[in-house]
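Okay, start-v7.cif now, which holds mmCIF, C-alpha atoms:
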data_structure
#
loop_
_atom_site.label_atom_id
_atom_site.label_comp_id
_atom_site.auth_asym_id
_atom_site.auth_seq_id
_atom_site.Cartn_x
_atom_site.Cartn_y
_atom_site.Cartn_z
CA MET F 862 -34.40 -18.67 0.88
CA THR F 863 -33.02 -16.21 3.40
CA ALA F 864 -29.96 -14.01 2.97
CA LYS F 865 -27.16 -14.52 5.47
CA MET F 866 -26.50 -11.71 7.92
CA TYR F 867 -23.05 -10.26 8.51
CA MET F 868 -22.98 -7.79 11.39
CA GLY F 869 -26.59 -6.88 10.59
CA VAL F 870 -26.03 -6.44 6.85
CA THR F 871 -27.20 -9.00 4.32
CA ALA F 872 -25.13 -10.20 1.36
CA LEU F 873 -27.82 -8.74 -0.88
CA ASP F 874 -27.30 -5.32 0.66
CA ILE F 875 -23.55 -5.58 0.08
CA LYS F 876 -24.17 -6.50 -3.56
CA LYS F 877 -26.43 -3.47 -4.05
CA VAL F 878 -23.81 -1.16 -2.51
CA CYS F 879 -21.10 -2.56 -4.78
CA LEU F 880 -23.24 -2.13 -7.88
CA ARG F 881 -23.99 1.47 -6.93
CA CYS F 882 -20.27 2.15 -6.40
CA VAL F 883 -19.48 0.72 -9.83
CA ALA F 884 -22.22 2.89 -11.35
CA VAL F 885 -20.79 5.99 -9.65
CA ILE F 886 -17.29 5.17 -10.96
CA ILE F 887 -18.60 4.71 -14.50
CA VAL F 888 -20.56 7.96 -14.45
CA ALA F 889 -17.90 10.02 -12.69
CA PHE F 890 -14.74 8.71 -14.33
CA VAL F 891 -15.13 6.19 -17.15
CA MET F 892 -17.72 8.07 -19.25
CA PRO F 893 -15.94 11.49 -19.10
CA THR F 894 -12.64 9.81 -19.95
CA GLY F 895 -14.26 7.99 -22.87
CA ILE F 896 -15.81 11.20 -24.17
CA TRP F 897 -12.45 12.99 -23.95
CA LEU F 898 -10.65 10.18 -25.77
CA TYR F 899 -13.32 10.11 -28.47
CA ALA F 900 -13.10 13.86 -29.01
CA ARG F 901 -9.34 13.63 -29.24
CA SER F 902 -9.47 10.86 -31.84
CA ALA F 903 -12.65 11.79 -33.67
CA SER F 904 -10.91 12.68 -36.92
CA ARG F 905 -9.09 9.36 -37.05
CA PHE F 906 -12.27 7.41 -36.21
CA GLY F 907 -14.01 9.31 -38.97
CA ARG F 908 -11.35 8.40 -41.49
CA VAL F 909 -11.36 4.77 -40.39
CA ALA F 910 -15.15 4.65 -40.59
CA ALA F 911 -15.07 6.20 -44.06
CA VAL F 912 -12.53 3.68 -45.30
CA ALA F 913 -14.42 0.79 -43.64
CA ALA F 914 -17.55 1.87 -45.45
CA GLY F 915 -15.57 2.17 -48.67
CA VAL F 916 -14.23 -1.35 -48.26
CA ALA F 917 -17.76 -2.65 -47.72
CA MET F 918 -18.91 -0.86 -50.89
CA GLY F 919 -15.89 -2.04 -52.86
CA GLU F 920 -14.46 1.48 -53.28
CA TYR F 921 -11.28 0.94 -51.23
CA LYS F 922 -8.97 -2.06 -51.37
CA PRO F 923 -6.54 -1.50 -48.52
CA TYR F 924 -3.37 -3.53 -48.32
CA PHE F 925 -0.80 -3.39 -45.60
CA SER F 926 2.95 -3.86 -45.81
CA ALA F 927 4.17 -6.86 -43.90
CA ASP F 928 6.95 -6.04 -41.45
CA ASP F 929 9.85 -8.31 -42.35
CA ASP F 930 13.60 -8.03 -42.35
CA SER F 931 13.84 -8.41 -46.11
CA LYS F 932 12.08 -5.06 -46.72
CA THR F 933 10.55 -6.53 -49.87
CA THR F 934 8.33 -4.31 -51.96
CA ALA F 935 5.74 -7.07 -52.34
CA GLN F 936 2.47 -6.24 -50.58
CA THR F 937 0.54 -8.89 -48.65
CA ALA F 938 -3.06 -8.49 -47.53
CA TYR F 939 -3.46 -9.48 -43.89
CA PRO F 940 -5.53 -8.36 -40.88
CA SER F 941 -3.78 -5.50 -39.10
CA LYS F 942 -4.23 -3.62 -35.86
CA LEU F 943 -5.56 -0.10 -36.23
CA GLU F 944 -2.29 1.61 -35.38
CA GLU F 945 -0.49 -0.42 -38.04
CA ALA F 946 -3.15 0.47 -40.60
CA VAL F 947 -2.89 4.24 -40.17
CA VAL F 948 -0.44 4.34 -43.07
CA SER F 949 -1.33 2.03 -45.90
CA LYS F 950 0.09 1.94 -49.39
CA HIS F 951 -3.28 1.57 -51.08
CA SER F 952 -5.64 3.54 -48.85
CA ILE F 953 -6.69 7.13 -48.38
CA TRP F 954 -5.41 7.40 -44.80
CA ASP F 955 -1.80 8.19 -45.58
CA MET F 956 -2.72 11.01 -47.96
CA ASP F 957 -4.64 12.71 -45.16
CA MET F 958 -1.49 12.76 -43.05
CA ALA F 959 0.28 15.22 -45.31
CA PRO F 960 -0.17 18.78 -44.05
CA GLN F 961 -1.64 21.34 -46.37
CA GLU F 962 0.83 23.80 -47.85
CA LYS F 963 -0.03 26.96 -45.94
CA GLN F 964 -0.39 30.30 -47.64
CA THR F 965 0.20 32.57 -44.66
CA PRO F 966 -0.73 36.19 -45.39
CA SER F 967 1.50 39.09 -44.49
CA VAL F 968 0.83 40.55 -41.05
CA SER F 969 1.07 44.04 -42.49
CA ALA F 970 -0.01 45.81 -45.65
CA GLU F 971 3.62 46.00 -46.77
CA VAL F 972 4.82 43.11 -48.91
CA PRO F 973 8.05 41.60 -47.51
CA SER F 974 11.08 42.23 -49.69
CA PRO F 975 12.82 39.05 -50.87
CA LEU F 976 16.50 38.69 -50.12
CA PRO F 977 19.26 37.49 -52.48
CA ALA F 978 20.36 33.99 -51.50
CA GLN F 979 24.03 34.98 -51.26
CA ASP F 980 23.19 37.66 -48.70
CA VAL F 981 21.56 35.27 -46.22
CA THR F 982 23.61 32.09 -46.64
CA ASP F 983 24.77 32.06 -43.01
CA LYS F 984 21.56 33.34 -41.40
CA ILE F 985 20.13 29.86 -40.77
CA PRO F 986 23.22 27.66 -41.01
CA TYR F 987 22.86 23.97 -41.77
CA PRO F 988 23.93 21.99 -38.68
CA ALA F 989 27.54 20.81 -38.77
CA SER F 990 26.43 17.63 -37.00
CA MET F 991 23.17 16.04 -35.86
CA GLU F 992 23.92 13.80 -32.92
CA GLY F 993 20.38 13.57 -31.55
CA ASN F 994 18.42 10.40 -32.12
CA ASP F 995 15.01 11.26 -30.69
CA GLY F 996 12.80 10.78 -33.74
CA VAL F 997 12.07 8.01 -36.22
CA ILE F 998 12.22 8.28 -40.01
CA GLU F 999 10.34 5.66 -42.00
CA LYS F 1000 10.71 5.16 -45.73
CA TYR F 1001 7.43 4.86 -47.53
CA THR F 1002 6.33 4.47 -51.13
CA TYR F 1003 3.02 5.96 -52.20
CA GLY F 1004 1.28 3.68 -54.65
CA ARG F 1005 -1.91 3.68 -56.65
CA TYR F 1006 -5.15 4.66 -54.91
CA ASP F 1007 -8.72 3.44 -55.12
CA GLY F 1008 -11.67 5.46 -53.86
CA GLU F 1009 -14.15 8.08 -54.89
CA GLN F 1010 -11.62 10.94 -54.79
CA TYR F 1011 -9.19 9.30 -57.21
CA PHE F 1012 -9.08 8.62 -60.92
CA ASP F 1013 -6.39 7.44 -63.32
CA LEU F 1014 -4.90 9.51 -66.11
CA ASP F 1015 -4.71 7.86 -69.52
CA GLY F 1016 -1.03 8.66 -69.87
CA GLY F 1017 -0.07 7.50 -66.38
CA GLY F 1018 -0.43 8.79 -62.84
CA GLN F 1019 -3.51 9.76 -60.88
CA VAL F 1020 -5.53 12.74 -59.67
CA ARG F 1021 -6.96 13.25 -56.21
CA ASN F 1022 -10.05 15.42 -56.59
CA CYS F 1023 -10.87 17.34 -53.41
CA THR F 1024 -13.40 19.67 -55.03
CA GLU F 1025 -17.10 19.64 -55.79
CA LEU F 1026 -16.39 19.02 -59.48
CA SER F 1027 -17.13 15.46 -60.58
CA ASN F 1028 -14.40 13.00 -61.46
CA ASP F 1029 -16.09 12.44 -64.82
CA GLU F 1030 -15.79 16.14 -65.63
CA LEU F 1031 -12.16 16.30 -64.55
CA TYR F 1032 -11.29 13.11 -66.39
CA GLU F 1033 -12.65 14.65 -69.60
CA GLU F 1034 -10.62 17.81 -68.95
CA SER F 1035 -7.47 15.83 -68.15
CA SER F 1036 -6.98 14.74 -71.76
CA LYS F 1037 -7.16 18.26 -73.17
CA PRO F 1038 -3.89 19.87 -74.27
CA TYR F 1039 -2.36 22.74 -72.36
CA ASP F 1040 -2.94 26.05 -74.08
CA PHE F 1041 0.61 27.38 -74.46
CA GLN F 1042 3.57 26.52 -76.63
CA ILE F 1043 7.19 26.42 -75.56
CA ASP F 1044 9.82 27.41 -78.08
CA GLY F 1045 12.67 25.10 -77.21
CA ASN F 1046 14.95 26.83 -79.71
CA SER F 1047 14.40 30.34 -78.39
CA SER F 1048 17.01 32.25 -76.44
CA GLU F 1049 14.20 33.96 -74.53
CA PRO F 1050 13.32 32.26 -71.22
CA GLN F 1051 10.37 29.88 -71.43
CA ILE F 1052 10.27 28.44 -67.91
CA LEU F 1053 10.55 30.03 -64.46
CA ILE F 1054 11.68 27.94 -61.49
CA TYR F 1055 11.24 29.61 -58.12
CA HIS F 1056 10.78 28.79 -54.44
CA THR F 1057 8.30 30.58 -52.18
CA HIS F 1058 9.78 28.59 -49.27
CA ALA F 1059 13.41 28.42 -50.29
CA THR F 1060 14.69 27.57 -46.79
CA GLU F 1061 12.88 24.21 -46.63
CA SER F 1062 15.56 21.57 -46.18
CA PHE F 1063 16.25 17.85 -45.86
CA GLU F 1064 18.26 15.33 -43.87
CA PRO F 1065 22.00 15.28 -44.67
CA THR F 1066 22.02 11.52 -45.35
CA ASP F 1067 19.70 8.58 -45.82
CA LYS F 1068 18.94 7.41 -42.26
CA ASP F 1069 16.21 6.01 -40.02
CA HIS F 1070 16.21 8.70 -37.31
CA TYR F 1071 16.26 12.47 -36.97
CA ASP F 1072 17.48 15.08 -34.52
CA SER F 1073 14.48 17.11 -33.37
CA SER F 1074 16.68 20.13 -32.67
CA PHE F 1075 17.05 20.58 -36.45
CA SER F 1076 14.33 22.92 -37.70
CA CYS F 1077 14.43 21.40 -41.23
CA LYS F 1078 15.18 24.86 -42.59
CA THR F 1079 18.37 26.51 -43.72
CA THR F 1080 19.51 29.44 -45.80
CA ASP F 1081 22.45 27.38 -47.09
CA PRO F 1082 21.66 27.14 -50.83
CA GLU F 1083 23.51 23.84 -51.13
CA MET F 1084 21.13 22.17 -48.65
CA ASN F 1085 17.74 23.77 -49.30
CA MET F 1086 15.22 24.01 -52.14
CA LEU F 1087 17.55 26.13 -54.25
CA SER F 1088 19.76 23.08 -54.74
CA VAL F 1089 16.76 21.07 -56.00
CA GLY F 1090 15.93 23.89 -58.41
CA ASP F 1091 19.54 23.89 -59.59
CA LYS F 1092 19.23 20.22 -60.54
CA ILE F 1093 16.10 20.95 -62.57
CA CYS F 1094 17.86 23.78 -64.37
CA GLU F 1095 20.97 21.72 -65.13
CA GLN F 1096 18.81 19.39 -67.21
CA LEU F 1097 17.01 22.28 -68.91
CA ASP F 1098 20.45 23.55 -69.90
CA LYS F 1099 21.29 20.18 -71.44
CA ALA F 1100 18.00 20.19 -73.35
CA GLY F 1101 18.60 23.71 -74.59
CA VAL F 1102 15.46 25.14 -72.97
CA ALA F 1103 15.91 28.75 -71.83
CA TYR F 1104 14.80 29.40 -68.25
CA ILE F 1105 15.12 31.66 -65.23
CA HIS F 1106 15.86 30.27 -61.77
CA ASP F 1107 14.68 32.82 -59.22
CA THR F 1108 16.89 32.24 -56.18
CA LEU F 1109 15.46 35.03 -54.06
CA VAL F 1110 14.61 33.95 -50.50
CA HIS F 1111 11.00 34.83 -49.70
CA ASP F 1112 10.55 33.04 -46.36
CA TYR F 1113 13.40 34.66 -44.40
CA PRO F 1114 13.44 36.44 -42.04
CA SER F 1115 9.67 35.92 -41.91
CA TYR F 1116 7.56 33.02 -43.15
CA ASP F 1117 4.44 35.19 -43.06
CA GLY F 1118 3.75 36.88 -46.34
CA SER F 1119 6.14 34.68 -48.31
CA TYR F 1120 3.53 34.08 -51.02
CA ASP F 1121 2.95 37.81 -51.29
CA SER F 1122 6.68 38.28 -51.70
CA SER F 1123 7.07 35.57 -54.34
CA ARG F 1124 4.02 36.88 -56.18
CA MET F 1125 5.59 40.30 -56.50
CA ALA F 1126 8.85 38.78 -57.76
CA VAL F 1127 7.14 36.50 -60.29
CA LYS F 1128 5.01 39.35 -61.65
CA GLN F 1129 8.12 41.47 -62.16
CA ILE F 1130 9.88 38.62 -63.97
CA LEU F 1131 6.86 38.00 -66.21
CA GLU F 1132 6.65 41.68 -67.07
CA GLU F 1133 10.31 41.67 -68.09
CA TYR F 1134 10.14 38.29 -69.84
CA PRO F 1135 6.65 37.76 -71.31
CA SER F 1136 8.08 34.75 -73.18
CA ILE F 1137 7.77 32.69 -69.97
CA LYS F 1138 4.85 30.25 -70.12
CA VAL F 1139 5.60 27.87 -67.24
CA CYS F 1140 6.05 28.89 -63.60
CA LEU F 1141 6.95 26.09 -61.18
CA ASP F 1142 7.06 26.83 -57.45
CA VAL F 1143 9.19 24.00 -56.04
CA HIS F 1144 8.72 23.10 -52.36
CA ARG F 1145 9.31 20.33 -49.85
CA ASP F 1146 6.44 18.57 -48.03
CA GLY F 1147 6.35 17.72 -44.32
CA ILE F 1148 4.68 14.34 -43.70
CA GLU F 1149 4.60 13.21 -40.09
CA ARG F 1150 2.56 10.75 -38.05
CA GLU F 1151 0.87 11.73 -34.81
CA ASP F 1152 3.60 9.93 -32.84
CA GLY F 1153 6.28 12.10 -34.48
CA THR F 1154 7.47 9.53 -37.01
CA ARG F 1155 8.50 11.29 -40.20
CA LEU F 1156 7.83 9.63 -43.51
CA ALA F 1157 10.37 9.72 -46.32
CA PRO F 1158 8.44 9.07 -49.56
CA VAL F 1159 10.80 7.29 -51.94
CA ALA F 1160 10.76 5.52 -55.29
CA GLU F 1161 13.55 3.47 -56.79
CA ILE F 1162 14.42 4.92 -60.18
CA GLU F 1163 17.20 3.33 -62.22
CA GLY F 1164 18.80 1.82 -59.14
CA ARG F 1165 18.70 4.99 -57.04
CA GLU F 1166 16.24 6.30 -54.49
CA ALA F 1167 14.38 9.44 -55.47
CA ALA F 1168 12.05 11.48 -53.28
CA GLN F 1169 8.49 11.08 -54.53
CA LEU F 1170 6.84 14.29 -55.68
CA MET F 1171 3.32 15.71 -55.68
CA ILE F 1172 1.93 18.31 -58.08
CA ILE F 1173 -0.67 20.70 -56.64
CA SER F 1174 -3.10 22.26 -59.10
CA GLY F 1175 -5.46 24.85 -57.63
CA CYS F 1176 -9.18 25.08 -58.27
CA ASP F 1177 -11.24 28.28 -57.99
CA ASP F 1178 -14.47 28.19 -55.97
CA GLY F 1179 -15.54 31.47 -57.56
CA THR F 1180 -13.86 33.70 -54.99
CA MET F 1181 -10.16 33.16 -55.69
CA GLY F 1182 -9.55 35.12 -58.90
CA MET F 1183 -8.32 32.17 -60.96
CA PRO F 1184 -10.66 32.02 -63.97
CA ASP F 1185 -8.13 29.95 -65.97
CA TYR F 1186 -7.46 27.34 -63.28
CA MET F 1187 -8.57 24.53 -65.59
CA LYS F 1188 -5.82 25.43 -68.05
CA ASN F 1189 -3.29 24.90 -65.26
CA PHE F 1190 -4.94 21.56 -64.60
CA HIS F 1191 -4.46 20.54 -68.24
CA PHE F 1192 -0.75 21.21 -67.86
CA ALA F 1193 -0.63 19.43 -64.49
CA CYS F 1194 -2.09 16.28 -66.06
CA ALA F 1195 0.32 16.40 -68.99
CA LEU F 1196 3.33 16.85 -66.70
CA GLN F 1197 2.12 14.15 -64.29
CA SER F 1198 1.71 11.61 -67.08
CA ALA F 1199 5.07 12.50 -68.61
CA LEU F 1200 6.83 12.12 -65.26
CA GLU F 1201 5.10 8.84 -64.49
CA SER F 1202 5.79 7.52 -67.97
CA ASP F 1203 9.47 8.44 -67.73
CA TRP F 1204 9.98 7.45 -64.09
CA GLN F 1205 7.34 4.98 -62.94
CA GLY F 1206 6.47 5.44 -59.25
CA LEU F 1207 7.99 8.91 -58.92
CA THR F 1208 4.68 10.74 -58.50
CA ARG F 1209 2.00 10.88 -55.86
CA PRO F 1210 -1.49 11.74 -57.20
CA ILE F 1211 -2.01 15.33 -58.35
CA LEU F 1212 -3.76 17.24 -55.58
CA PHE F 1213 -6.61 19.17 -57.18
CA ASP F 1214 -8.09 21.35 -54.47
CA TYR F 1215 -9.23 24.86 -53.65
CA ARG F 1216 -5.75 26.39 -53.44
CA HIS F 1217 -4.33 29.60 -54.88
CA TYR F 1218 -0.53 29.66 -54.62
CA ASN F 1219 -0.28 32.45 -57.23
CA GLN F 1220 -1.49 30.11 -59.96
CA ASP F 1221 -3.41 32.91 -61.63
CA LEU F 1222 -0.23 34.42 -63.07
CA THR F 1223 0.13 32.04 -66.05
CA THR F 1224 -1.74 29.07 -67.47
CA GLY F 1225 1.32 26.93 -66.74
CA SER F 1226 1.59 27.68 -63.01
CA LEU F 1227 1.92 24.75 -60.61
CA LEU F 1228 3.32 23.95 -57.18
CA ILE F 1229 5.50 20.86 -56.84
CA GLU F 1230 6.24 19.21 -53.49
CA VAL F 1231 9.52 17.28 -53.64
CA GLY F 1232 9.83 14.70 -50.90
CA SER F 1233 9.39 15.47 -47.23
CA HIS F 1234 11.54 16.44 -44.25
CA GLY F 1235 12.43 12.78 -43.74
CA ASN F 1236 14.13 12.51 -47.13
CA SER F 1237 17.83 13.05 -47.67
CA ILE F 1238 19.11 15.99 -49.67
CA THR F 1239 20.52 13.51 -52.22
CA GLN F 1240 17.11 11.91 -52.78
CA ALA F 1241 15.52 15.33 -53.28
CA GLN F 1242 18.21 16.55 -55.66
CA TYR F 1243 17.89 13.37 -57.71
CA THR F 1244 14.18 14.08 -58.08
CA GLY F 1245 15.05 17.58 -59.26
CA GLU F 1246 17.26 16.01 -61.91
CA LEU F 1247 14.43 13.73 -63.05
CA ILE F 1248 11.94 16.61 -63.22
CA GLY F 1249 14.42 18.56 -65.33
CA LYS F 1250 14.94 15.65 -67.72
CA THR F 1251 11.20 15.26 -68.26
CA LEU F 1252 10.72 18.99 -68.83
CA GLY F 1253 13.60 18.92 -71.27
CA GLU F 1254 11.98 16.06 -73.20
CA MET F 1255 8.62 17.84 -73.24
CA PHE F 1256 9.90 21.24 -74.34
CA GLY F 1257 13.36 20.77 -75.80
CA GLY F 1258 14.07 22.05 -79.31
CA GLU F 1259 15.59 20.26 -82.25
#

Kindly transcribe the structure held in the file into structure tokens.
Amino acid sequence: MTAKMYMGVTALDIKKVCLRCVAVIIVAFVMPTGIWLYARSASRFGRVAAVAAGVAMGEYKPYFSADDDSKTTAQTAYPSKLEEAVVSKHSIWDMDMAPQEKQTPSVSAEVPSPLPAQDVTDKIPYPASMEGNDGVIEKYTYGRYDGEQYFDLDGGGQVRNCTELSNDELYEESSKPYDFQIDGNSSEPQILIYHTHATESFEPTDKDHYDSSFSCKTTDPEMNMLSVGDKICEQLDKAGVAYIHDTLVHDYPSYDGSYDSSRMAVKQILEEYPSIKVCLDVHRDGIEREDGTRLAPVAEIEGREAAQLMIISGCDDGTMGMPDYMKNFHFACALQSALESDWQGLTRPILFDYRHYNQDLTTGSLLIEVGSHGNSITQAQYTGELIGKTLGEMFGGE
């Protein structure tokens, strides 16, 4: 069989040239582009691979919310495209989206001086209007998790263990009582509520979009974390539990060194009021997808939407100066179970990780994340009310 000639070139020669051109294109363009895309998405591929392996081993049981107009809370298992599966009610992926609360050190040796809230009210004003519509807010309810990092608490709620300690060891510790006693009948303060990042704020209303020009921070005490703390304290008042609400602003004018500033303030308060056993640093989370979609974690409690909360209990790796961290963990588990028992669905799993957050100052020191920057101020304040009611039930006098 002979190859036909076209102007002195055979069809076979043309085929060889074409194949070589394709090879050059693959080597010069396709492979580098593929390598770049892989590097850019390596962390996501790693998470997906980990969950896929977990599913194969029976450790994860991912379910995906069906998109329907009824917005039912029922969950249906069905095959989903990868992008749709990035956030899943019963998988580990969505927990990895939440940024870690940063403990930014001071840029100088001098500890920043906190400012009284009334002196900075108008420094970062809350926007009078938000007309922009360039970002999406999506409501989301964190549920129960399966997987090797998670375990259930006997009294309700879960723990996410991000340390080298075994779940078996932590589970055994979780049932131990906290080592302090609150005198609910005392006139001396027993609980300290404070806010290292007081300017963290929320959306003005419950909506499905946000204005990206809003920094999600304000020094207006009616619209930031101070208002959430106020709701906690209102319930402590009703329960007769004496407390101090530290309303000093530690993250203005500078975010850097805010933990140093709050540490100094808390130490001074504890020196003046040694009766305080519980120190709760109340924050707001910031959960956002890679495409800019902000999640608003919500739970329906008694017919109203509350912002879901997450307790962070720090673990010491031997270098962090928190020898009593496990005593904080005992309290974290007790509070988590009480909250979940009182208000089912309100909590995300306790984050037990190598964090400090000034939790060496008492054996009842915890950080609480209330909602995210996609939640409304009303949802966050309602959660503050629920936290206060539970604390009042735990520690209230006769």

Q. Leaving out Glu1254 of chain F and any residue of its chain fewer than 6 positions from it, which residues lie within 12 Å of it when counting all atoms listed in the file, given as a PyMOL selection string?
A. chain F and resi 1043+1045+1096-1102+1196+1199-1200+1202-1203+1247-1248

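The coordinates place atom CA of Pro1038 of chain F at 15.2 Å from atom CA of Gly1017 of chain F.
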
(Q) Running the PyMOL selection byres ((chain F and resi 1014) around 10) on this model by hand, what would come out? Give it as a VMD selection string. (A) chain F and resid 1011 to 1013 1015 to 1020 1032 to 1033 1035 to 1036 1194 to 1195 1197 to 1198 1210

Since I can't run it myself right now, could you work out what the PyMOL selection byres ((chain F and resi 1161-1174) around 8) selects here and report it as an mmCIF file with C-alpha atoms, in the coordinates of the input?
data_model
loop_
_atom_site.group_PDB
_atom_site.id
_atom_site.type_symbol
_atom_site.label_atom_id
_atom_site.label_comp_id
_atom_site.auth_asym_id
_atom_site.auth_seq_id
_atom_site.Cartn_x
_atom_site.Cartn_y
_atom_site.Cartn_z
ATOM 1 C CA THR F 1002 6.330 4.470 -51.130
ATOM 2 C CA TYR F 1003 3.020 5.960 -52.200
ATOM 3 C CA ALA F 1157 10.370 9.720 -46.320
ATOM 4 C CA PRO F 1158 8.440 9.070 -49.560
ATOM 5 C CA VAL F 1159 10.800 7.290 -51.940
ATOM 6 C CA ALA F 1160 10.760 5.520 -55.290
ATOM 7 C CA GLY F 1175 -5.460 24.850 -57.630
ATOM 8 C CA CYS F 1176 -9.180 25.080 -58.270
ATOM 9 C CA TYR F 1186 -7.460 27.340 -63.280
ATOM 10 C CA ASN F 1189 -3.290 24.900 -65.260
ATOM 11 C CA PHE F 1190 -4.940 21.560 -64.600
ATOM 12 C CA ALA F 1193 -0.630 19.430 -64.490
ATOM 13 C CA GLN F 1197 2.120 14.150 -64.290
ATOM 14 C CA TRP F 1204 9.980 7.450 -64.090
ATOM 15 C CA GLN F 1205 7.340 4.980 -62.940
ATOM 16 C CA GLY F 1206 6.470 5.440 -59.250
ATOM 17 C CA LEU F 1207 7.990 8.910 -58.920
ATOM 18 C CA THR F 1208 4.680 10.740 -58.500
ATOM 19 C CA ARG F 1209 2.000 10.880 -55.860
ATOM 20 C CA PRO F 1210 -1.490 11.740 -57.200
ATOM 21 C CA ILE F 1211 -2.010 15.330 -58.350
ATOM 22 C CA LEU F 1212 -3.760 17.240 -55.580
ATOM 23 C CA PHE F 1213 -6.610 19.170 -57.180
ATOM 24 C CA ASP F 1214 -8.090 21.350 -54.470
ATOM 25 C CA ARG F 1216 -5.750 26.390 -53.440
ATOM 26 C CA LEU F 1227 1.920 24.750 -60.610
ATOM 27 C CA LEU F 1228 3.320 23.950 -57.180
ATOM 28 C CA ILE F 1229 5.500 20.860 -56.840
ATOM 29 C CA GLU F 1230 6.240 19.210 -53.490
ATOM 30 C CA VAL F 1231 9.520 17.280 -53.640
ATOM 31 C CA GLY F 1232 9.830 14.700 -50.900
ATOM 32 C CA SER F 1233 9.390 15.470 -47.230
ATOM 33 C CA ASN F 1236 14.130 12.510 -47.130
ATOM 34 C CA GLN F 1240 17.110 11.910 -52.780
ATOM 35 C CA ALA F 1241 15.520 15.330 -53.280
ATOM 36 C CA TYR F 1243 17.890 13.370 -57.710
ATOM 37 C CA THR F 1244 14.180 14.080 -58.080
#

Q) When the PyMOL selection byres ((chain F and resi 1103) around 7) is applied to the file above, which residues end up in the set, as a ChimeraX atom specification? A) /F:1047-1052,1101-1102,1104

Q: With only C-alpha atoms counted, which protein, DNA or RNA residues have an atom no more than 7 Å from (8.5, 32.0, -64.0) in the file frame? Please answer as number ranges by chain.
A: F: 1052-1055, 1105, 1127, 1130-1131, 1137, 1139-1141

Q: Using atom CA of Ser1027 of chain F and atom CA of Thr1180 of chain F as the two end points, give the distance in Å to one decimal.
A: 19.4 Å

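Closest to Thr1239 of chain F among F:Lys1000, F:Glu1009, F:Ser1062, F:Ser990 is F:Ser1062, based on all atoms listed in the file.
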
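The interatomic distance for the pair atom CA of Asp1142 of chain F and atom CA of Ser1226 of chain F works out to 7.8 Å.
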
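Nearest to Gly1153 of chain F of all the residues F:His1058, F:His1234, F:Arg881, F:Lys1250 is F:His1234, based on all atoms listed in the file.
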
Q: For Asp1091 of chain F, list every protein, DNA or RNA residue within 9 Å, evaluated using only C-alpha atoms, and leave out those in the same chain fewer than 5 positions away; present the list as a ChimeraX atom specification.
A: /F:1086,1096,1106,1242,1245-1246

Q: Would you list the contacts of Thr1079 of chain F as a ChimeraX atom specification, taking every protein, DNA or RNA residue within 12 Å and counting all atoms listed in the file, but skipping same-chain residues closer than 2 positions in sequence?
A: /F:978,981-989,1058-1065,1075-1077,1081-1088,1110,1112-1114
